[in-house]
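Undergrad: mmCIF, C-alpha atoms, file entry21.cif:
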data_start
#
loop_
_atom_site.group_PDB
_atom_site.id
_atom_site.type_symbol
_atom_site.label_atom_id
_atom_site.label_comp_id
_atom_site.auth_asym_id
_atom_site.auth_seq_id
_atom_site.Cartn_x
_atom_site.Cartn_y
_atom_site.Cartn_z
ATOM 1 C CA MET A 26 85.874 -103.171 87.608
ATOM 2 C CA ASN A 27 87.387 -105.072 90.543
ATOM 3 C CA ASP A 28 90.497 -102.913 90.316
ATOM 4 C CA ILE A 29 88.387 -99.759 90.577
ATOM 5 C CA ILE A 30 86.520 -101.171 93.594
ATOM 6 C CA LYS A 31 89.797 -101.978 95.343
ATOM 7 C CA GLU A 32 91.130 -98.514 94.576
ATOM 8 C CA MET A 33 87.960 -97.009 96.050
ATOM 9 C CA GLU A 34 88.480 -99.047 99.215
ATOM 10 C CA ARG A 35 92.035 -97.747 99.478
ATOM 11 C CA TYR A 36 90.876 -94.174 98.856
ATOM 12 C CA ALA A 37 88.167 -94.459 101.517
ATOM 13 C CA GLU A 38 90.627 -95.721 104.097
ATOM 14 C CA ALA A 39 93.259 -93.105 103.277
ATOM 15 C CA ASN A 40 90.773 -90.225 103.293
ATOM 16 C CA ASN A 41 88.616 -91.380 106.204
ATOM 17 C CA VAL A 42 85.514 -91.781 104.044
ATOM 18 C CA PRO A 43 82.972 -94.194 105.554
ATOM 19 C CA ILE A 44 81.878 -96.887 103.105
ATOM 20 C CA ILE A 45 79.553 -99.814 103.671
ATOM 21 C CA GLU A 46 81.000 -102.998 105.155
ATOM 22 C CA LYS A 47 81.327 -105.942 102.803
ATOM 23 C CA ASP A 48 78.879 -108.187 104.691
ATOM 24 C CA SER A 49 76.212 -105.484 104.510
ATOM 25 C CA ILE A 50 76.530 -104.782 100.791
ATOM 26 C CA GLU A 51 76.515 -108.510 100.037
ATOM 27 C CA PHE A 52 73.276 -108.818 102.027
ATOM 28 C CA ILE A 53 71.736 -106.003 99.950
ATOM 29 C CA ARG A 54 72.987 -107.390 96.635
ATOM 30 C CA LYS A 55 71.548 -110.787 97.515
ATOM 31 C CA TYR A 56 68.201 -109.177 98.273
ATOM 32 C CA ILE A 57 68.300 -107.313 94.935
ATOM 33 C CA LYS A 58 68.927 -110.577 93.067
ATOM 34 C CA LEU A 59 66.345 -112.675 94.921
ATOM 35 C CA ASN A 60 63.573 -110.099 94.672
ATOM 36 C CA ASN A 61 64.164 -108.756 91.173
ATOM 37 C CA VAL A 62 64.729 -105.201 92.417
ATOM 38 C CA LYS A 63 64.816 -102.716 89.544
ATOM 39 C CA SER A 64 64.960 -99.323 91.256
ATOM 40 C CA VAL A 65 67.071 -98.229 94.222
ATOM 41 C CA LEU A 66 67.198 -94.912 96.062
ATOM 42 C CA GLU A 67 70.290 -94.354 98.181
ATOM 43 C CA LEU A 68 70.666 -91.528 100.702
ATOM 44 C CA GLY A 69 74.370 -90.854 101.140
ATOM 45 C CA THR A 70 76.511 -91.598 98.086
ATOM 46 C CA ALA A 71 79.930 -90.845 99.607
ATOM 47 C CA ILE A 72 82.318 -91.893 96.807
ATOM 48 C CA GLY A 73 79.813 -94.143 95.015
ATOM 49 C CA TYR A 74 81.037 -97.445 96.449
ATOM 50 C CA SER A 75 77.698 -98.971 97.454
ATOM 51 C CA ALA A 76 75.827 -97.474 94.489
ATOM 52 C CA ILE A 77 78.301 -99.091 92.088
ATOM 53 C CA LEU A 78 78.043 -102.464 93.796
ATOM 54 C CA MET A 79 74.234 -102.343 93.841
ATOM 55 C CA ALA A 80 74.030 -101.320 90.178
ATOM 56 C CA SER A 81 76.523 -103.990 89.138
ATOM 57 C CA THR A 82 74.242 -106.690 90.582
ATOM 58 C CA ASP A 83 72.241 -106.633 87.356
ATOM 59 C CA LYS A 84 72.135 -104.452 84.257
ATOM 60 C CA SER A 85 68.430 -103.794 84.833
ATOM 61 C CA VAL A 86 69.031 -102.129 88.229
ATOM 62 C CA GLU A 87 68.789 -98.341 88.257
ATOM 63 C CA VAL A 88 70.170 -96.428 91.240
ATOM 64 C CA THR A 89 69.424 -92.846 92.226
ATOM 65 C CA THR A 90 71.839 -91.718 94.915
ATOM 66 C CA ILE A 91 72.015 -88.406 96.798
ATOM 67 C CA GLU A 92 75.142 -86.721 98.190
ATOM 68 C CA ARG A 93 75.489 -83.260 99.747
ATOM 69 C CA ASP A 94 79.288 -83.093 100.065
ATOM 70 C CA GLU A 95 80.742 -81.642 96.850
ATOM 71 C CA LYS A 96 84.158 -83.316 97.076
ATOM 72 C CA ARG A 97 82.593 -86.743 97.626
ATOM 73 C CA TYR A 98 80.009 -86.081 94.911
ATOM 74 C CA ARG A 99 82.754 -85.321 92.363
ATOM 75 C CA GLU A 100 84.700 -88.411 93.400
ATOM 76 C CA ALA A 101 81.556 -90.520 93.043
ATOM 77 C CA VAL A 102 80.858 -89.178 89.545
ATOM 78 C CA LYS A 103 84.427 -90.036 88.518
ATOM 79 C CA ASN A 104 84.172 -93.557 89.932
ATOM 80 C CA VAL A 105 80.775 -94.256 88.372
ATOM 81 C CA ASN A 106 82.036 -93.080 84.977
ATOM 82 C CA GLU A 107 85.191 -95.195 85.271
ATOM 83 C CA CYS A 108 83.020 -98.244 85.943
ATOM 84 C CA GLY A 109 80.856 -97.448 82.912
ATOM 85 C CA LEU A 110 77.712 -97.337 85.029
ATOM 86 C CA ASP A 111 76.629 -93.755 84.352
ATOM 87 C CA ASN A 112 73.624 -95.104 82.422
ATOM 88 C CA GLN A 113 72.445 -97.002 85.540
ATOM 89 C CA ILE A 114 73.413 -94.583 88.321
ATOM 90 C CA ASN A 115 72.041 -91.064 88.694
ATOM 91 C CA ILE A 116 73.931 -89.024 91.313
ATOM 92 C CA VAL A 117 72.082 -86.051 92.757
ATOM 93 C CA PHE A 118 74.181 -83.296 94.370
ATOM 94 C CA ASN A 119 71.967 -81.954 97.144
ATOM 95 C CA ASP A 120 70.874 -82.412 100.740
ATOM 96 C CA ALA A 121 68.477 -85.366 100.766
ATOM 97 C CA LEU A 122 65.945 -83.450 102.863
ATOM 98 C CA ASP A 123 65.770 -80.781 100.131
ATOM 99 C CA VAL A 124 65.308 -83.186 97.216
ATOM 100 C CA ASN A 125 61.931 -83.550 95.501
ATOM 101 C CA LEU A 126 61.481 -86.895 93.760
ATOM 102 C CA ALA A 127 57.825 -86.422 92.829
ATOM 103 C CA GLY A 128 56.677 -89.019 90.336
ATOM 104 C CA HIS A 129 59.351 -91.544 91.268
ATOM 105 C CA LYS A 130 58.977 -94.781 93.247
ATOM 106 C CA TYR A 131 61.604 -97.280 94.337
ATOM 107 C CA ASP A 132 61.763 -100.992 95.179
ATOM 108 C CA LEU A 133 64.534 -100.448 97.696
ATOM 109 C CA ILE A 134 65.458 -97.350 99.701
ATOM 110 C CA PHE A 135 68.859 -97.426 101.392
ATOM 111 C CA ILE A 136 69.447 -94.941 104.225
ATOM 112 C CA ASP A 137 73.156 -94.370 104.820
ATOM 113 C CA ALA A 138 73.463 -90.596 105.219
ATOM 114 C CA ALA A 139 73.628 -88.302 108.278
ATOM 115 C CA LYS A 140 72.881 -90.528 111.288
ATOM 116 C CA GLY A 141 71.159 -87.753 113.218
ATOM 117 C CA GLN A 142 68.543 -87.365 110.461
ATOM 118 C CA TYR A 143 67.478 -91.011 110.123
ATOM 119 C CA ILE A 144 63.918 -90.466 111.385
ATOM 120 C CA LYS A 145 63.409 -87.477 109.054
ATOM 121 C CA PHE A 146 64.816 -89.480 106.141
ATOM 122 C CA PHE A 147 62.486 -92.409 106.832
ATOM 123 C CA GLU A 148 59.394 -90.219 107.208
ATOM 124 C CA LYS A 149 60.128 -88.298 104.012
ATOM 125 C CA PHE A 150 61.214 -91.096 101.719
ATOM 126 C CA GLU A 151 58.751 -93.811 102.732
ATOM 127 C CA ASN A 152 56.410 -91.901 100.410
ATOM 128 C CA TYR A 153 58.602 -92.982 97.484
ATOM 129 C CA LEU A 154 58.459 -96.700 98.276
ATOM 130 C CA ASN A 155 56.850 -99.062 95.779
ATOM 131 C CA PRO A 156 54.298 -101.614 97.012
ATOM 132 C CA GLY A 157 56.315 -104.569 98.256
ATOM 133 C CA GLY A 158 59.403 -102.397 98.615
ATOM 134 C CA ILE A 159 61.755 -102.223 101.593
ATOM 135 C CA ILE A 160 63.773 -99.619 103.458
ATOM 136 C CA ILE A 161 67.238 -100.696 104.611
ATOM 137 C CA THR A 162 69.187 -98.622 107.129
ATOM 138 C CA ASP A 163 72.901 -99.040 107.854
ATOM 139 C CA ASN A 164 75.196 -98.302 110.842
ATOM 140 C CA LEU A 165 72.729 -99.029 113.630
ATOM 141 C CA HIS A 166 75.523 -100.375 115.853
ATOM 142 C CA PHE A 167 77.697 -97.321 115.061
ATOM 143 C CA HIS A 168 80.960 -99.217 115.577
ATOM 144 C CA GLY A 169 79.611 -100.909 118.701
ATOM 145 C CA LEU A 170 79.011 -97.624 120.516
ATOM 146 C CA VAL A 171 75.210 -98.001 120.574
ATOM 147 C CA GLU A 172 75.679 -100.982 122.897
ATOM 148 C CA ASN A 173 78.587 -99.489 124.860
ATOM 149 C CA HIS A 174 77.866 -95.963 126.023
ATOM 150 C CA GLU A 175 80.591 -96.121 128.642
ATOM 151 C CA ASN A 176 83.219 -96.068 125.890
ATOM 152 C CA ILE A 177 82.026 -92.707 124.559
ATOM 153 C CA GLU A 178 84.029 -89.666 125.593
ATOM 154 C CA SER A 179 82.793 -87.130 123.037
ATOM 155 C CA LYS A 180 79.504 -85.296 123.663
ATOM 156 C CA ASN A 181 78.920 -85.054 119.920
ATOM 157 C CA VAL A 182 79.318 -88.803 119.468
ATOM 158 C CA LEU A 183 77.067 -89.483 122.454
ATOM 159 C CA GLY A 184 74.428 -87.213 120.944
ATOM 160 C CA LEU A 185 74.653 -89.132 117.672
ATOM 161 C CA VAL A 186 74.366 -92.489 119.445
ATOM 162 C CA ASN A 187 71.279 -91.238 121.301
ATOM 163 C CA LYS A 188 69.688 -90.273 117.972
ATOM 164 C CA ILE A 189 70.420 -93.716 116.526
ATOM 165 C CA GLU A 190 68.782 -95.281 119.580
ATOM 166 C CA LYS A 191 65.730 -93.052 119.079
ATOM 167 C CA TYR A 192 65.597 -94.183 115.445
ATOM 168 C CA ILE A 193 65.691 -97.844 116.490
ATOM 169 C CA GLU A 194 62.801 -97.176 118.888
ATOM 170 C CA PHE A 195 60.988 -95.310 116.111
ATOM 171 C CA LEU A 196 61.283 -98.387 113.877
ATOM 172 C CA LYS A 197 60.147 -100.780 116.605
ATOM 173 C CA GLU A 198 57.109 -98.654 117.455
ATOM 174 C CA ASN A 199 56.121 -97.774 113.881
ATOM 175 C CA GLU A 200 52.651 -99.257 113.451
ATOM 176 C CA ASP A 201 52.779 -99.176 109.659
ATOM 177 C CA TYR A 202 55.969 -101.195 109.250
ATOM 178 C CA ILE A 203 57.545 -104.434 110.349
ATOM 179 C CA THR A 204 61.283 -104.048 110.912
ATOM 180 C CA LYS A 205 63.848 -106.811 111.232
ATOM 181 C CA PHE A 206 67.276 -106.110 112.695
ATOM 182 C CA TYR A 207 70.441 -107.919 111.625
ATOM 183 C CA ASP A 208 73.887 -108.076 113.226
ATOM 184 C CA ILE A 209 75.475 -107.778 109.810
ATOM 185 C CA GLY A 210 78.352 -105.376 109.207
ATOM 186 C CA ASP A 211 77.767 -102.334 111.404
ATOM 187 C CA GLY A 212 74.148 -103.327 112.072
ATOM 188 C CA ILE A 213 71.325 -102.996 109.565
ATOM 189 C CA SER A 214 67.545 -102.900 109.644
ATOM 190 C CA VAL A 215 65.038 -103.997 107.009
ATOM 191 C CA SER A 216 61.599 -102.362 107.120
ATOM 192 C CA PHE A 217 58.536 -103.215 105.059
ATOM 193 C CA ARG A 218 54.885 -102.211 105.233
ATOM 194 C CA LYS A 219 52.641 -104.478 107.277
ATOM 195 C CA ASN A 220 50.152 -104.760 104.430
ATOM 196 C CA ASP A 221 52.837 -105.916 101.990
ATOM 197 C CA GLU A 222 52.431 -109.661 102.043
ATOM 198 C CA ASN A 223 54.523 -110.000 98.901
ATOM 199 C CA VAL A 224 57.743 -109.057 100.678
ATOM 200 C CA LYS A 225 59.935 -112.138 100.638
ATOM 201 C CA ASN A 226 63.453 -113.481 100.572
ATOM 202 C CA ILE A 227 64.838 -111.042 103.117
ATOM 203 C CA GLY A 228 67.164 -113.628 104.627
#
How would this structure read if it were set down as structure tokens?

TA:
Amino acid sequence: MNDIIKEMERYAEANNVPIIEKDSIEFIRKYIKLNNVKSVLELGTAIGYSAILMASTDKSVEVTTIERDEKRYREAVKNVNECGLDNQINIVFNDALDVNLAGHKYDLIFIDAAKGQYIKFFEKFENYLNPGGIIITDNLHFHGLVENHENIESKNVLGLVNKIEKYIEFLKENEDYITKFYDIGDGISVSFRKNDENVKNIG
């Protein structure tokens, strides 16, 4: 499987597909191991890189991952099948905000889709979080631009950075959750409900 992972990394670089940084996925995999996570919901499959690495942490881990871009969805399906993980990973081709997951709950929800929709994603999918579960969000530094506005020339990028900043404020002010921020990879946050005393081993 290592060869497939390396090929995916090459594909992502050649085709300008954003994939999770290695430090960040190692942090998540460690959390999965330490806390016996069985069910993961990922928003933003891309080519399946992070879903494959999360599922390969343990054979008991089941990942549901959502992707709205058809080309990336097809590439993800191919990669998951090549890794022999199609029995652990369910890829949903749809916009995450249009998906209904009624009846399902998850130990870990990973937000890594459209940056401008982070607040909407959090507010919708927190309803699918198991007791003791956590929500992890990636790319909160956005390549260092969140801390360095003066380096931004594009209005679109500036608008995106402003939305990420609003999301960070949303997490800090959310009275139902405690959120910890980590300078890992491109910046990640870990959120868990205040009444969940059984959350542990976050790192």

Undergrad: In terms of the shortest atom-to-atom distance over all atoms listed in the file, which of A:Leu110, A:Ala138, A:Leu126, A:Val105 is closest to A:Leu68?

TA: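 Smallest distance to A:Leu68 is found for A:Ala138.
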
Undergrad: With the file shown as input, list the residues that the PyMOL selection byres ((chain A and resi 83) around 12) selects, as a PyMOL selection string.

TA: chain A and resi 54-64+77-82+84-88+110+113

Undergrad: Which residue, A:Ile116, A:Val65, A:His129, A:Ile72, has the smallest gap to A:Asn41 when you use only C-alpha atoms?

TA: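 The answer is A:Ile72, which sits nearest to A:Asn41.
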
Undergrad: Would you compute the box with edges along x, y and z of the file around stretch 140-151 of chain A, including every atom the file lists for it and 4 Å extra on each side, and give its centre and edge lengths in Å to one decimal, as AutoDock Vina command-line options?

TA:
--center_x 65.8 --center_y -90.6 --center_z 107.5 --size_x 22.1 --size_y 14.4 --size_z 19.5

Undergrad: Which residues, written as a compact mmCIF listing (two decimals) with C-alpha atoms, in the coordinates of the input, have at least one atom at most 8 Å from stretch 200-217 of chain A, with only C-alpha atoms counted and residues fewer than 5 positions away on the same chain left out?

TA:
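As written to disk, result.txt reads:
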# COMPACT_ATOMS: atom_id res chain seq x y z
CA ILE A 45 79.55 -99.81 103.67
CA GLU A 46 81.00 -103.00 105.16
CA LYS A 47 81.33 -105.94 102.80
CA ASP A 48 78.88 -108.19 104.69
CA SER A 49 76.21 -105.48 104.51
CA GLY A 157 56.32 -104.57 98.26
CA GLY A 158 59.40 -102.40 98.62
CA ILE A 159 61.76 -102.22 101.59
CA ILE A 160 63.77 -99.62 103.46
CA ILE A 161 67.24 -100.70 104.61
CA THR A 162 69.19 -98.62 107.13
CA ASP A 163 72.90 -99.04 107.85
CA ASN A 164 75.20 -98.30 110.84
CA LEU A 165 72.73 -99.03 113.63
CA HIS A 166 75.52 -100.38 115.85
CA PHE A 167 77.70 -97.32 115.06
CA HIS A 168 80.96 -99.22 115.58
CA GLY A 169 79.61 -100.91 118.70
CA VAL A 224 57.74 -109.06 100.68

Undergrad: Quick one: residues within 12 Å of A:Ala37, all atoms listed in the file counted, chain neighbours fewer than 4 positions away excluded, as a PDB file with C-alpha atoms, in the frame of the given file?

TA:
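Okay, this is what ended up in part-v8.pdb:
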ATOM      1  CA  ILE A  30      86.520-101.171  93.594  1.00  0.00           C
ATOM      2  CA  LYS A  31      89.797-101.978  95.343  1.00  0.00           C
ATOM      3  CA  GLU A  32      91.130 -98.514  94.576  1.00  0.00           C
ATOM      4  CA  MET A  33      87.960 -97.009  96.050  1.00  0.00           C
ATOM      5  CA  ASN A  41      88.616 -91.380 106.204  1.00  0.00           C
ATOM      6  CA  VAL A  42      85.514 -91.781 104.044  1.00  0.00           C
ATOM      7  CA  PRO A  43      82.972 -94.194 105.554  1.00  0.00           C
ATOM      8  CA  ILE A  44      81.878 -96.887 103.105  1.00  0.00           C
ATOM      9  CA  ILE A  45      79.553 -99.814 103.671  1.00  0.00           C
ATOM     10  CA  GLU A  46      81.000-102.998 105.155  1.00  0.00           C
ATOM     11  CA  ALA A  71      79.930 -90.845  99.607  1.00  0.00           C
ATOM     12  CA  ILE A  72      82.318 -91.893  96.807  1.00  0.00           C
ATOM     13  CA  GLY A  73      79.813 -94.143  95.015  1.00  0.00           C
ATOM     14  CA  TYR A  74      81.037 -97.445  96.449  1.00  0.00           C
ATOM     15  CA  ARG A  97      82.593 -86.743  97.626  1.00  0.00           C
ATOM     16  CA  GLU A 100      84.700 -88.411  93.400  1.00  0.00           C
ATOM     17  CA  ALA A 101      81.556 -90.520  93.043  1.00  0.00           C
TER      18      ALA A 101
END

Undergrad: Which value, in Å to one decimal, gives the distance between atom CA of A:Val182 and atom CA of A:Ile144?

TA: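 Atom-to-atom, atom CA of A:Val182 to atom CA of A:Ile144, that is 17.5 Å.
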
Undergrad: Measuring between only C-alpha atoms, which one of A:Asn40, A:Leu66, A:Glu194, A:Glu107 shows the shortest distance to A:Glu151?

TA: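 Closest candidate: A:Leu66.
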